[in-house]
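Structure record follows, encoded as C-alpha cells.
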Amino acid sequence: MNTMKLNQSLVSNCENSVAKELKGRLINVTSPVLPPLEEFIPMLEDIWESKWLTNNGKYHQEFEKALADYLGVPYISIFSNGTLALITALQCFKITGEVITTPYSFVASSHALHWNGIEPVFADIDPVSLNLDPNKIEAAITSKTTAIMPVHVYGNPCDVKAIQNIADTYGLKVIYDAAHAFSVDVNGDSVLNYGDISILSFHATKVFNTIEGGAIICRDEATKKRIDYLKNFGFAGETKVIGPGINAKMNELQAAYGLLQLKSIDISIDKRRNVTKLYKTLLRDVKGISFLEDIEGVKHNYSYFPIFVDEKEYGKTRDELYEELKRHNIFGRRYFYPLISQFPTYSGLPSASADNLQVAEAITKQVICLPIYPDIEIDIVKYIVSVIKSRL
Ligand SMILES: Cc1ncc(COP(=O)(O)O)c(C=O)c1O
C-alpha cells in the first residue's frame, strides 16, 4: 500500500469509529464552560436570602475587584453585555462624527458606532494579524474623525504602538473592541491596558462567560465613575442625572456566577492551548489550509481556531469544505463572513467598497473557525481533521 492509500485508510478508519460513537451528536464551534452547580447553589441561596438582585450589590462589587486583579487592569466596570459596554464606552468620551474601524469583526463593533450616530469608516486589515492595518489608518482620517476603534480579532493583539502613534499625532481617542481578548497579555502586560478604553464580552460563546455579560476597562477613577453612572441611566445620586445613560448593569446572579468562573479560567485556557497545538500538528502539512501562528511575547487565550482555505491549493472552496463538515455534524463558523461592510446598513458607505478593503475581502472568503472548547475530545479533533483531509 503506498503512503497516500495508507493515509486514506487511516482517515476512514478514524472517521468510521468516531462517526459511529458520535451517533448524531453535533460538534458545535464552541461549548460553554459552566461553574460547578454545587458551588453556585449556596451563592444563589445567599442572594435569595438578601433579596439584593442588582444595582451594585455585594457580588457585583466582589466580581469587579476580582476581575481587575485577575486581568491586571486599574479600573473595570462590569456590564450586562459587550455591545452595551461598547456603546457606553463611545458615549463616555462623547465620540462623534467618524470613527476608523475594521470591517473584519462581529457586526456589533460597527453597530455600537451606528447606535451613537457615528459613521464607521472602514480601513483594510493586515494580512498576517487580520487586525486593522495601521498603514491604512492615516489615509482614512478626515476633519470629522474623532477616534480609532480597532478590534483584537480572535484575541490576537493589534499593533497597539503604531495605532497609538497615529492617535497621538492626530489627537484621536482609541477605543478597543477587546471582546475576544480576555486574559491576553503582551510582554507581561494586559492588552486591555492599551488605548483610552477597552471593552470585553462575557457572552456564552466567549473564553470567559457570565452567560451574557461584558466590561469596560479604563485608565482613571473619574472615567470609571462616569461609566458607572452611564450604565445606570446616568444617575450620580438619588436625584442627579449626568447625561443620557442607559441600563446596562450586570445582575447579582451573573456576578456570582462570574466569580466562580474565575477559578477555572486558567485551566480552560491551558486546555485550549493543547487543543490548538493538536490542530496545528495535524493540519500543518495539509495543502491549501493555513492558520494563525502564536506571536512571540504574547500570552494567547486560544479563543478561536480559524483556518483559511486556499481553494486552488486545497482543491475545494471554503464553502464546499464548510458544507462537507456540516454533513459530518461538524458546525464550524465562518467568522467573519460576510464583512461588516457588506451588510446593507453599511454597504453604501464610500469606505465599504471592495477596492478599499482588498485584504479583508479575500480573507472573508477563506475562513472557517473550527470547533474549539476546553473539553473537546482528542478523537473529535482528529475526526474533524480527518474530514478536512479526506476531501483532498
Ligand atoms: C468583536 C465583538 N465585539 C462585540 C461583541 C458583542 O458582545 P456581546 O455579545 O457580549 O454583546 C462580540 C460578540 O459577541 C464580538 O465578537
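Ordering of the C-alpha cells sets the chain letters (A, B, ...), residue numbers begin anew at 1 in every chain, and ligands are numbered from 1 in the order given.
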Pick out the residues sitting within 8 Å of His180 (chain A), and hand them over as a PDB file with N, CA and C atoms, in the first residue's frame; count only C-alpha atoms, and ignore anything fewer than 4 positions along from it in its own chain.
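around_34.pdb, written as the output of this step:
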```
ATOM      1  N   HIS A 152      -9.272  43.462  18.586  1.00  0.00           N
ATOM      2  CA  HIS A 152      -8.253  42.405  18.715  1.00  0.00           C
ATOM      3  C   HIS A 152      -8.915  41.093  18.264  1.00  0.00           C
ATOM      4  N   VAL A 153      -8.934  40.893  16.948  1.00  0.00           N
ATOM      5  CA  VAL A 153      -9.701  39.771  16.396  1.00  0.00           C
ATOM      6  C   VAL A 153      -9.108  38.422  16.833  1.00  0.00           C
ATOM      7  N   TYR A 154      -9.967  37.516  17.258  1.00  0.00           N
ATOM      8  CA  TYR A 154      -9.592  36.183  17.778  1.00  0.00           C
ATOM      9  C   TYR A 154      -8.680  36.312  19.011  1.00  0.00           C
ATOM     10  N   GLY A 155      -8.650  37.502  19.615  1.00  0.00           N
ATOM     11  CA  GLY A 155      -7.779  37.711  20.783  1.00  0.00           C
ATOM     12  C   GLY A 155      -6.339  38.005  20.406  1.00  0.00           C
ATOM     13  N   LEU A 200     -14.798  44.280  26.941  1.00  0.00           N
ATOM     14  CA  LEU A 200     -14.786  42.813  26.871  1.00  0.00           C
ATOM     15  C   LEU A 200     -16.211  42.297  26.702  1.00  0.00           C
ATOM     16  N   SER A 201     -16.331  41.098  26.149  1.00  0.00           N
ATOM     17  CA  SER A 201     -17.626  40.407  26.140  1.00  0.00           C
ATOM     18  C   SER A 201     -17.492  39.123  26.956  1.00  0.00           C
ATOM     19  N   LYS A 206     -17.860  32.972  24.614  1.00  0.00           N
ATOM     20  CA  LYS A 206     -16.508  33.506  24.799  1.00  0.00           C
ATOM     21  C   LYS A 206     -15.679  32.627  25.749  1.00  0.00           C
ATOM     22  N   VAL A 207     -14.364  32.861  25.728  1.00  0.00           N
ATOM     23  CA  VAL A 207     -13.422  32.125  26.580  1.00  0.00           C
ATOM     24  C   VAL A 207     -13.860  32.165  28.052  1.00  0.00           C
ATOM     25  N   SER A 303      -8.983  31.525  21.922  1.00  0.00           N
ATOM     26  CA  SER A 303     -10.443  31.596  21.925  1.00  0.00           C
ATOM     27  C   SER A 303     -11.064  31.010  20.661  1.00  0.00           C
TER      28      SER A 303
END
```
For Asn329 (chain A), list every protein, DNA or RNA residue within 8 Å, evaluated using only C-alpha atoms, and leave out those in the same chain fewer than 5 positions away; present the list as a list in words.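 In the requested format, the answer is Gly24, Arg25, Leu26 and Ile27 of chain A.
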A:Asn135, A:Thr145, A:Thr223, A:Asn28: which is nearest Cys92 (chain A), counting only C-alpha atoms?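 Once distances to Cys92 (chain A) are computed over only C-alpha atoms, the minimum belongs to A:Thr223.
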Residues within 10 Å of ligand 1 (only C-alpha atoms and all ligand atoms), as a compact mmCIF listing (two decimals) with all heavy atoms, in the first residue's frame?
```txt
# COMPACT_ATOMS: atom_id res chain seq x y z
N PHE A 79 -20.69 44.91 32.88
CA PHE A 79 -21.89 45.26 32.10
C PHE A 79 -22.75 44.02 31.82
O PHE A 79 -22.28 42.90 31.96
CB PHE A 79 -21.45 45.87 30.75
CG PHE A 79 -21.23 47.35 30.81
CD1 PHE A 79 -20.16 47.88 31.52
CD2 PHE A 79 -22.10 48.23 30.18
CE1 PHE A 79 -19.96 49.25 31.60
CE2 PHE A 79 -21.91 49.60 30.25
CZ PHE A 79 -20.84 50.11 30.95
N SER A 80 -23.98 44.30 31.39
CA SER A 80 -24.89 43.20 31.07
C SER A 80 -24.52 42.50 29.77
O SER A 80 -24.90 41.36 29.55
CB SER A 80 -26.34 43.70 31.01
OG SER A 80 -26.41 44.84 30.18
N ASN A 81 -23.80 43.19 28.88
CA ASN A 81 -23.24 42.54 27.70
C ASN A 81 -22.18 43.43 27.05
O ASN A 81 -22.06 44.61 27.41
CB ASN A 81 -24.34 42.14 26.68
CG ASN A 81 -25.08 43.32 26.13
OD1 ASN A 81 -24.51 44.17 25.46
ND2 ASN A 81 -26.38 43.39 26.42
N GLY A 82 -21.45 42.88 26.11
CA GLY A 82 -20.34 43.60 25.49
C GLY A 82 -20.81 44.72 24.57
O GLY A 82 -20.14 45.75 24.45
N THR A 83 -21.94 44.52 23.92
CA THR A 83 -22.43 45.55 22.98
C THR A 83 -22.78 46.83 23.74
O THR A 83 -22.40 47.93 23.32
CB THR A 83 -23.68 45.02 22.23
OG1 THR A 83 -23.34 43.78 21.63
CG2 THR A 83 -24.14 45.99 21.18
N LEU A 84 -23.48 46.68 24.86
CA LEU A 84 -23.82 47.88 25.66
C LEU A 84 -22.56 48.50 26.26
O LEU A 84 -22.48 49.72 26.41
CB LEU A 84 -24.84 47.52 26.74
CG LEU A 84 -26.27 47.34 26.22
CD1 LEU A 84 -27.17 46.74 27.29
CD2 LEU A 84 -26.85 48.65 25.70
N ALA A 85 -21.58 47.69 26.57
CA ALA A 85 -20.30 48.23 27.06
C ALA A 85 -19.66 49.10 25.98
O ALA A 85 -19.17 50.21 26.26
CB ALA A 85 -19.37 47.09 27.48
N LEU A 86 -19.70 48.62 24.73
CA LEU A 86 -19.08 49.36 23.63
C LEU A 86 -19.85 50.66 23.34
O LEU A 86 -19.24 51.73 23.15
CB LEU A 86 -19.03 48.46 22.39
CG LEU A 86 -18.10 48.86 21.24
CD1 LEU A 86 -16.70 49.19 21.73
CD2 LEU A 86 -18.03 47.74 20.21
N ILE A 87 -21.16 50.57 23.34
CA ILE A 87 -22.00 51.76 23.11
C ILE A 87 -21.71 52.80 24.20
O ILE A 87 -21.55 53.99 23.94
CB ILE A 87 -23.50 51.36 23.09
CG1 ILE A 87 -23.82 50.60 21.80
CG2 ILE A 87 -24.41 52.58 23.25
CD1 ILE A 87 -25.21 49.99 21.74
N TYR A 104 -13.56 43.55 9.46
CA TYR A 104 -13.40 42.11 9.75
C TYR A 104 -13.60 41.89 11.25
O TYR A 104 -12.66 41.81 12.03
CB TYR A 104 -12.01 41.65 9.31
CG TYR A 104 -11.84 40.14 9.32
CD1 TYR A 104 -12.48 39.35 8.38
CD2 TYR A 104 -11.04 39.51 10.26
CE1 TYR A 104 -12.35 37.97 8.38
CE2 TYR A 104 -10.89 38.13 10.27
CZ TYR A 104 -11.55 37.37 9.33
OH TYR A 104 -11.41 36.00 9.33
N SER A 105 -14.88 41.87 11.64
CA SER A 105 -15.23 41.69 13.05
C SER A 105 -16.68 41.27 13.11
O SER A 105 -17.38 41.19 12.09
CB SER A 105 -15.03 43.02 13.80
OG SER A 105 -15.41 42.89 15.17
N PHE A 106 -17.13 41.01 14.34
CA PHE A 106 -18.55 40.74 14.57
C PHE A 106 -19.30 42.06 14.38
O PHE A 106 -18.79 43.13 14.72
CB PHE A 106 -18.74 40.19 15.98
CG PHE A 106 -20.16 39.79 16.28
CD1 PHE A 106 -20.79 38.81 15.55
CD2 PHE A 106 -20.85 40.40 17.31
CE1 PHE A 106 -22.09 38.44 15.83
CE2 PHE A 106 -22.15 40.04 17.61
CZ PHE A 106 -22.78 39.05 16.87
N VAL A 107 -20.51 41.96 13.85
CA VAL A 107 -21.25 43.16 13.43
C VAL A 107 -21.50 44.15 14.58
O VAL A 107 -21.66 45.35 14.34
CB VAL A 107 -22.57 42.73 12.72
CG1 VAL A 107 -23.58 42.17 13.71
CG2 VAL A 107 -23.15 43.86 11.90
N ALA A 108 -21.49 43.66 15.83
CA ALA A 108 -21.74 44.55 16.98
C ALA A 108 -20.73 45.69 17.03
O ALA A 108 -21.04 46.78 17.55
CB ALA A 108 -21.70 43.76 18.28
N SER A 109 -19.50 45.47 16.52
CA SER A 109 -18.48 46.52 16.58
C SER A 109 -19.00 47.78 15.89
O SER A 109 -19.02 48.86 16.49
CB SER A 109 -17.19 46.07 15.89
OG SER A 109 -16.72 44.87 16.43
N SER A 110 -19.43 47.66 14.66
CA SER A 110 -19.92 48.85 13.93
C SER A 110 -21.31 49.27 14.39
O SER A 110 -21.64 50.45 14.36
CB SER A 110 -19.93 48.59 12.43
OG SER A 110 -18.61 48.59 11.94
N HIS A 111 -22.12 48.31 14.81
CA HIS A 111 -23.45 48.68 15.32
C HIS A 111 -23.33 49.64 16.51
O HIS A 111 -24.16 50.53 16.67
CB HIS A 111 -24.23 47.44 15.77
CG HIS A 111 -24.89 46.67 14.65
ND1 HIS A 111 -24.90 47.11 13.34
CD2 HIS A 111 -25.58 45.50 14.66
CE1 HIS A 111 -25.56 46.24 12.59
NE2 HIS A 111 -25.98 45.25 13.37
N ALA A 112 -22.32 49.44 17.34
CA ALA A 112 -22.15 50.33 18.51
C ALA A 112 -21.90 51.76 18.04
O ALA A 112 -22.36 52.72 18.67
CB ALA A 112 -21.00 49.84 19.38
N PRO A 150 -10.18 49.87 16.84
CA PRO A 150 -9.69 48.57 16.35
C PRO A 150 -10.30 47.43 17.17
O PRO A 150 -10.85 47.65 18.25
CB PRO A 150 -8.18 48.66 16.61
CG PRO A 150 -7.92 50.01 17.20
CD PRO A 150 -9.22 50.51 17.73
N VAL A 151 -10.17 46.23 16.63
CA VAL A 151 -10.67 45.02 17.31
C VAL A 151 -9.51 44.04 17.41
O VAL A 151 -8.81 43.81 16.42
CB VAL A 151 -11.82 44.37 16.49
CG1 VAL A 151 -12.37 43.14 17.21
CG2 VAL A 151 -12.94 45.38 16.22
N HIS A 152 -9.27 43.46 18.59
CA HIS A 152 -8.25 42.41 18.72
C HIS A 152 -8.91 41.09 18.26
O HIS A 152 -9.39 40.29 19.08
CB HIS A 152 -7.79 42.26 20.17
CG HIS A 152 -7.21 43.50 20.77
ND1 HIS A 152 -6.08 44.11 20.30
CD2 HIS A 152 -7.61 44.25 21.85
CE1 HIS A 152 -5.78 45.17 21.04
NE2 HIS A 152 -6.69 45.27 21.99
N VAL A 153 -8.93 40.89 16.95
CA VAL A 153 -9.70 39.77 16.40
C VAL A 153 -9.11 38.42 16.83
O VAL A 153 -7.89 38.23 16.78
CB VAL A 153 -9.74 39.87 14.85
CG1 VAL A 153 -10.39 38.66 14.23
CG2 VAL A 153 -10.49 41.12 14.44
N TYR A 154 -9.97 37.52 17.26
CA TYR A 154 -9.59 36.18 17.78
C TYR A 154 -8.68 36.31 19.01
O TYR A 154 -8.00 35.35 19.38
CB TYR A 154 -8.86 35.33 16.73
CG TYR A 154 -9.53 35.23 15.38
CD1 TYR A 154 -8.81 35.48 14.21
CD2 TYR A 154 -10.87 34.87 15.26
CE1 TYR A 154 -9.41 35.37 12.97
CE2 TYR A 154 -11.47 34.77 14.02
CZ TYR A 154 -10.74 35.01 12.88
OH TYR A 154 -11.33 34.92 11.64
N GLY A 155 -8.65 37.50 19.62
CA GLY A 155 -7.78 37.71 20.78
C GLY A 155 -6.34 38.01 20.41
O GLY A 155 -5.49 38.15 21.29
N TYR A 176 -10.73 50.29 22.11
CA TYR A 176 -10.50 48.92 21.65
C TYR A 176 -11.74 48.05 21.89
O TYR A 176 -12.22 47.96 23.03
CB TYR A 176 -9.31 48.28 22.37
CG TYR A 176 -7.99 48.65 21.72
CD1 TYR A 176 -7.10 49.50 22.37
CD2 TYR A 176 -7.66 48.16 20.46
CE1 TYR A 176 -5.90 49.85 21.77
CE2 TYR A 176 -6.47 48.51 19.86
CZ TYR A 176 -5.60 49.35 20.51
OH TYR A 176 -4.42 49.70 19.90
N ASP A 177 -12.21 47.41 20.83
CA ASP A 177 -13.16 46.32 21.00
C ASP A 177 -12.31 45.09 21.29
O ASP A 177 -11.73 44.48 20.37
CB ASP A 177 -14.00 46.14 19.73
CG ASP A 177 -15.01 45.00 19.87
OD1 ASP A 177 -14.83 44.16 20.78
OD2 ASP A 177 -15.95 44.93 19.07
N ALA A 178 -12.21 44.77 22.58
CA ALA A 178 -11.38 43.65 23.02
C ALA A 178 -12.27 42.47 23.44
O ALA A 178 -11.89 41.68 24.30
CB ALA A 178 -10.47 44.10 24.17
N ALA A 179 -13.43 42.37 22.78
CA ALA A 179 -14.41 41.33 23.14
C ALA A 179 -13.78 39.94 23.18
O ALA A 179 -14.20 39.09 23.96
CB ALA A 179 -15.57 41.36 22.15
N HIS A 180 -12.76 39.71 22.32
CA HIS A 180 -12.14 38.37 22.24
C HIS A 180 -10.88 38.25 23.11
O HIS A 180 -10.25 37.20 23.10
CB HIS A 180 -11.70 38.07 20.81
CG HIS A 180 -12.79 38.14 19.80
ND1 HIS A 180 -12.57 38.08 18.44
CD2 HIS A 180 -14.13 38.25 19.93
CE1 HIS A 180 -13.71 38.16 17.79
NE2 HIS A 180 -14.68 38.28 18.68
N ALA A 181 -10.49 39.33 23.78
CA ALA A 181 -9.11 39.37 24.31
C ALA A 181 -9.01 39.19 25.83
O ALA A 181 -8.08 39.70 26.45
CB ALA A 181 -8.43 40.67 23.87
N ILE A 199 -13.17 47.26 25.73
CA ILE A 199 -14.37 46.53 26.22
C ILE A 199 -14.16 45.04 26.05
O ILE A 199 -13.45 44.57 25.15
CB ILE A 199 -15.68 46.98 25.52
CG1 ILE A 199 -15.76 46.46 24.07
CG2 ILE A 199 -15.89 48.48 25.57
CD1 ILE A 199 -16.56 45.20 23.89
N LEU A 200 -14.80 44.28 26.94
CA LEU A 200 -14.79 42.81 26.87
C LEU A 200 -16.21 42.30 26.70
O LEU A 200 -17.16 42.98 27.11
CB LEU A 200 -14.24 42.24 28.18
CG LEU A 200 -12.74 42.32 28.44
CD1 LEU A 200 -12.45 41.99 29.91
CD2 LEU A 200 -11.97 41.36 27.52
N SER A 201 -16.33 41.10 26.15
CA SER A 201 -17.63 40.41 26.14
C SER A 201 -17.49 39.12 26.96
O SER A 201 -16.50 38.40 26.82
CB SER A 201 -18.03 40.05 24.72
OG SER A 201 -19.09 39.10 24.75
N PHE A 202 -18.51 38.87 27.78
CA PHE A 202 -18.55 37.61 28.55
C PHE A 202 -19.71 36.75 28.05
O PHE A 202 -20.37 36.05 28.82
CB PHE A 202 -18.74 37.87 30.04
CG PHE A 202 -17.71 38.78 30.67
CD1 PHE A 202 -18.05 39.58 31.77
CD2 PHE A 202 -16.40 38.85 30.20
CE1 PHE A 202 -17.12 40.41 32.37
CE2 PHE A 202 -15.46 39.68 30.79
CZ PHE A 202 -15.83 40.47 31.89
N HIS A 203 -20.01 36.86 26.75
CA HIS A 203 -21.10 36.07 26.18
C HIS A 203 -20.79 34.57 26.30
O HIS A 203 -19.62 34.18 26.37
CB HIS A 203 -21.29 36.45 24.70
CG HIS A 203 -22.43 35.74 24.07
ND1 HIS A 203 -22.25 34.67 23.22
CD2 HIS A 203 -23.76 35.91 24.19
CE1 HIS A 203 -23.44 34.22 22.84
NE2 HIS A 203 -24.37 34.96 23.42
N ALA A 204 -21.84 33.77 26.31
CA ALA A 204 -21.70 32.31 26.49
C ALA A 204 -20.68 31.68 25.53
O ALA A 204 -20.09 30.65 25.85
CB ALA A 204 -23.06 31.65 26.32
N THR A 205 -20.46 32.28 24.38
CA THR A 205 -19.53 31.70 23.39
C THR A 205 -18.09 32.12 23.63
O THR A 205 -17.19 31.66 22.91
CB THR A 205 -19.91 32.17 21.97
OG1 THR A 205 -19.98 33.60 21.98
CG2 THR A 205 -21.24 31.60 21.52
N LYS A 206 -17.86 32.97 24.61
CA LYS A 206 -16.51 33.51 24.80
C LYS A 206 -15.68 32.63 25.75
O LYS A 206 -16.21 31.79 26.48
CB LYS A 206 -16.58 34.93 25.35
CG LYS A 206 -17.31 35.92 24.42
CD LYS A 206 -16.51 36.18 23.16
CE LYS A 206 -17.08 37.27 22.29
NZ LYS A 206 -18.26 36.90 21.50
N ASN A 209 -17.16 33.26 30.33
CA ASN A 209 -18.56 33.70 30.18
C ASN A 209 -19.27 33.89 31.50
O ASN A 209 -19.00 33.20 32.49
CB ASN A 209 -19.33 32.71 29.28
CG ASN A 209 -19.91 31.54 30.05
OD1 ASN A 209 -20.95 31.66 30.69
ND2 ASN A 209 -19.21 30.41 30.05
N THR A 210 -20.20 34.88 31.48
CA THR A 210 -21.16 35.04 32.58
C THR A 210 -22.57 34.88 31.99
O THR A 210 -23.47 35.62 32.35
CB THR A 210 -21.01 36.42 33.27
OG1 THR A 210 -21.17 37.45 32.27
CG2 THR A 210 -19.66 36.60 33.93
N ILE A 211 -22.71 33.98 31.06
CA ILE A 211 -23.91 33.71 30.24
C ILE A 211 -24.03 34.83 29.20
O ILE A 211 -23.79 34.61 28.04
CB ILE A 211 -25.20 33.56 31.09
CG1 ILE A 211 -24.95 32.53 32.21
CG2 ILE A 211 -26.38 33.15 30.18
CD1 ILE A 211 -26.04 32.45 33.25
N GLU A 212 -24.47 36.01 29.64
CA GLU A 212 -24.33 37.26 28.90
C GLU A 212 -23.52 38.14 29.83
O GLU A 212 -23.58 38.00 31.05
CB GLU A 212 -25.69 37.93 28.64
CG GLU A 212 -26.63 37.18 27.73
CD GLU A 212 -26.44 37.51 26.25
OE1 GLU A 212 -25.55 38.32 25.92
OE2 GLU A 212 -27.19 36.93 25.44
N GLY A 213 -22.78 39.07 29.27
CA GLY A 213 -22.03 39.98 30.14
C GLY A 213 -20.94 40.68 29.38
O GLY A 213 -20.65 40.36 28.22
N GLY A 214 -20.35 41.65 30.03
CA GLY A 214 -19.25 42.39 29.40
C GLY A 214 -18.63 43.35 30.40
O GLY A 214 -19.02 43.36 31.57
N ALA A 215 -17.67 44.13 29.94
CA ALA A 215 -17.00 45.06 30.86
C ALA A 215 -16.32 46.17 30.07
O ALA A 215 -16.01 46.01 28.89
CB ALA A 215 -15.95 44.30 31.68
N TYR A 335 -16.52 32.91 10.84
CA TYR A 335 -16.22 34.20 11.47
C TYR A 335 -15.00 34.77 10.78
O TYR A 335 -13.94 34.14 10.85
CB TYR A 335 -15.86 34.04 12.95
CG TYR A 335 -16.93 33.55 13.86
CD1 TYR A 335 -16.62 32.64 14.87
CD2 TYR A 335 -18.24 34.00 13.78
CE1 TYR A 335 -17.58 32.19 15.76
CE2 TYR A 335 -19.21 33.54 14.66
CZ TYR A 335 -18.87 32.64 15.64
OH TYR A 335 -19.80 32.20 16.52
N PHE A 336 -15.03 35.89 10.02
CA PHE A 336 -16.13 36.79 9.92
C PHE A 336 -16.53 36.93 8.47
O PHE A 336 -15.79 37.50 7.67
CB PHE A 336 -15.76 38.14 10.51
CG PHE A 336 -15.58 38.04 11.99
CD1 PHE A 336 -14.31 37.92 12.55
CD2 PHE A 336 -16.68 38.00 12.84
CE1 PHE A 336 -14.15 37.79 13.91
CE2 PHE A 336 -16.52 37.87 14.20
CZ PHE A 336 -15.26 37.77 14.74
```
Counting only C-alpha atoms, give me one row per residue of region 311-345 of chain A with an atom at most 8 Å from an atom of region 357-369 of chain A, showing the shortest contact pair and its distance in Å to one decimal, sorted by chain then residue number, as CSV.
```
residue,atom,partner,partner_atom,distance
A:Thr317,CA,A:Gln366,CA,7.9
A:Arg318,CA,A:Gln366,CA,5.5
A:Tyr322,CA,A:Ile368,CA,7.1
A:Gly332,CA,A:Cys369,CA,5.4
A:Arg333,CA,A:Cys369,CA,5.2
A:Arg334,CA,A:Ile368,CA,4.6
A:Tyr335,CA,A:Cys369,CA,6.3
A:Phe336,CA,A:Thr364,CA,6.0
A:Tyr337,CA,A:Thr364,CA,5.2
A:Pro338,CA,A:Thr364,CA,6.5
A:Leu339,CA,A:Thr364,CA,6.6
```
Can you work out which one of A:Asp375, A:Glu252, A:Glu313, A:Asp133 has the shortest atom-to-atom distance to Asn55 (chain A), counting only C-alpha atoms?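 Looking only at the distances to Asn55 (chain A), the closest residue turns out to be A:Glu252.
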With distances taken over only C-alpha atoms, which residue among A:Asn274, A:Ile76, A:Thr30, A:Leu262 lies nearest Lys224 (chain A)?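 That would be A:Ile76, the residue with the smallest distance to Lys224 (chain A).
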Helix (DSSP H, G or I) positions in region 146-189 of chain A, given as a ChimeraX atom specification: /A:153-155,160-170
Which residues of region 211-300 of chain A come within 12 Å of region 304-310 of chain A, and for each one, what is the closest pair of atoms and their distance in Å to one decimal, counting only C-alpha atoms, sorted by chain and residue number, as JSON lines?
```
{"residue": "A:Ile269", "atom": "CA", "partner": "A:Tyr304", "partner_atom": "CA", "distance": 11.2}
{"residue": "A:Arg272", "atom": "CA", "partner": "A:Tyr304", "partner_atom": "CA", "distance": 8.9}
{"residue": "A:Arg273", "atom": "CA", "partner": "A:Phe305", "partner_atom": "CA", "distance": 10.3}
{"residue": "A:Asn274", "atom": "CA", "partner": "A:Phe305", "partner_atom": "CA", "distance": 11.8}
{"residue": "A:Val275", "atom": "CA", "partner": "A:Phe305", "partner_atom": "CA", "distance": 9.2}
{"residue": "A:Thr276", "atom": "CA", "partner": "A:Phe305", "partner_atom": "CA", "distance": 6.8}
{"residue": "A:Lys277", "atom": "CA", "partner": "A:Phe305", "partner_atom": "CA", "distance": 10.3}
{"residue": "A:Leu278", "atom": "CA", "partner": "A:Phe305", "partner_atom": "CA", "distance": 11.1}
{"residue": "A:Tyr279", "atom": "CA", "partner": "A:Phe305", "partner_atom": "CA", "distance": 8.4}
{"residue": "A:Lys280", "atom": "CA", "partner": "A:Phe305", "partner_atom": "CA", "distance": 9.4}
{"residue": "A:Leu283", "atom": "CA", "partner": "A:Ile307", "partner_atom": "CA", "distance": 9.4}
{"residue": "A:Arg284", "atom": "CA", "partner": "A:Ile307", "partner_atom": "CA", "distance": 10.8}
{"residue": "A:Val286", "atom": "CA", "partner": "A:Val309", "partner_atom": "CA", "distance": 10.3}
{"residue": "A:Lys287", "atom": "CA", "partner": "A:Asp310", "partner_atom": "CA", "distance": 8.5}
{"residue": "A:Gly288", "atom": "CA", "partner": "A:Asp310", "partner_atom": "CA", "distance": 4.7}
{"residue": "A:Ile289", "atom": "CA", "partner": "A:Val309", "partner_atom": "CA", "distance": 5.0}
{"residue": "A:Ser290", "atom": "CA", "partner": "A:Phe308", "partner_atom": "CA", "distance": 5.2}
{"residue": "A:Phe291", "atom": "CA", "partner": "A:Ile307", "partner_atom": "CA", "distance": 4.8}
{"residue": "A:Leu292", "atom": "CA", "partner": "A:Pro306", "partner_atom": "CA", "distance": 7.4}
{"residue": "A:Glu293", "atom": "CA", "partner": "A:Phe305", "partner_atom": "CA", "distance": 10.5}
{"residue": "A:Asp294", "atom": "CA", "partner": "A:Phe305", "partner_atom": "CA", "distance": 11.5}
{"residue": "A:His300", "atom": "CA", "partner": "A:Tyr304", "partner_atom": "CA", "distance": 10.4}
```
Spatial neighbours of Tyr59 (chain A), max dist 6 Å, only C-alpha atoms, sep filter under 2 positions, as a count of residues only: 7
Those in region 113-289 of chain A with strand (DSSP E or B) from DSSP, as JSON, numbers by chain: {"A": [119, 120, 121, 122, 125, 132, 145, 146, 147, 148, 149, 151, 173, 174, 175, 176, 177, 185, 186, 189, 190, 197, 198, 199, 200, 201, 214, 215, 216, 217, 218, 232, 235, 241, 247, 249, 289]}
What would the file look like if the residues just selected were written as a PDB file, in the first residue's frame with C-alpha atoms?
```pdb
ATOM      1  CA  GLU A 119     -20.215  56.817  10.814  1.00  0.00           C
ATOM      2  CA  PRO A 120     -17.883  53.827  10.697  1.00  0.00           C
ATOM      3  CA  VAL A 121     -15.054  54.455   8.247  1.00  0.00           C
ATOM      4  CA  PHE A 122     -13.648  51.096   7.213  1.00  0.00           C
ATOM      5  CA  ILE A 125      -6.787  44.736   7.655  1.00  0.00           C
ATOM      6  CA  LEU A 132      -6.889  46.878  11.433  1.00  0.00           C
ATOM      7  CA  THR A 145     -12.580  61.742  12.573  1.00  0.00           C
ATOM      8  CA  THR A 146     -12.615  61.631  16.375  1.00  0.00           C
ATOM      9  CA  ALA A 147     -11.414  58.120  17.192  1.00  0.00           C
ATOM     10  CA  ILE A 148      -9.993  54.804  16.038  1.00  0.00           C
ATOM     11  CA  MET A 149     -11.848  51.656  17.041  1.00  0.00           C
ATOM     12  CA  VAL A 151     -10.670  45.023  17.314  1.00  0.00           C
ATOM     13  CA  LYS A 173      -9.149  58.577  21.017  1.00  0.00           C
ATOM     14  CA  VAL A 174      -8.505  54.833  20.779  1.00  0.00           C
ATOM     15  CA  ILE A 175     -11.433  52.610  21.763  1.00  0.00           C
ATOM     16  CA  TYR A 176     -10.505  48.916  21.652  1.00  0.00           C
ATOM     17  CA  ASP A 177     -13.163  46.325  20.996  1.00  0.00           C
ATOM     18  CA  ASP A 185      -1.035  39.732  27.671  1.00  0.00           C
ATOM     19  CA  VAL A 186       1.657  41.441  25.616  1.00  0.00           C
ATOM     20  CA  ASP A 189       1.070  43.388  30.448  1.00  0.00           C
ATOM     21  CA  SER A 190      -2.651  43.004  29.707  1.00  0.00           C
ATOM     22  CA  ILE A 197     -10.589  52.324  26.857  1.00  0.00           C
ATOM     23  CA  SER A 198     -11.257  48.649  26.076  1.00  0.00           C
ATOM     24  CA  ILE A 199     -14.368  46.535  26.217  1.00  0.00           C
ATOM     25  CA  LEU A 200     -14.786  42.813  26.871  1.00  0.00           C
ATOM     26  CA  SER A 201     -17.626  40.407  26.140  1.00  0.00           C
ATOM     27  CA  GLY A 214     -19.253  42.390  29.399  1.00  0.00           C
ATOM     28  CA  ALA A 215     -16.997  45.058  30.860  1.00  0.00           C
ATOM     29  CA  ILE A 216     -15.261  48.354  30.225  1.00  0.00           C
ATOM     30  CA  ILE A 217     -11.635  48.773  31.215  1.00  0.00           C
ATOM     31  CA  CYS A 218     -10.457  52.356  31.655  1.00  0.00           C
ATOM     32  CA  ASN A 232     -27.271  53.137  35.454  1.00  0.00           C
ATOM     33  CA  PHE A 235     -27.719  58.520  37.908  1.00  0.00           C
ATOM     34  CA  VAL A 241     -28.570  62.542  36.271  1.00  0.00           C
ATOM     35  CA  ASN A 247     -29.500  50.401  31.658  1.00  0.00           C
ATOM     36  CA  LYS A 249     -25.932  46.803  34.738  1.00  0.00           C
ATOM     37  CA  ILE A 289      -5.080  25.008   4.667  1.00  0.00           C
TER      38      ILE A 289
END
```
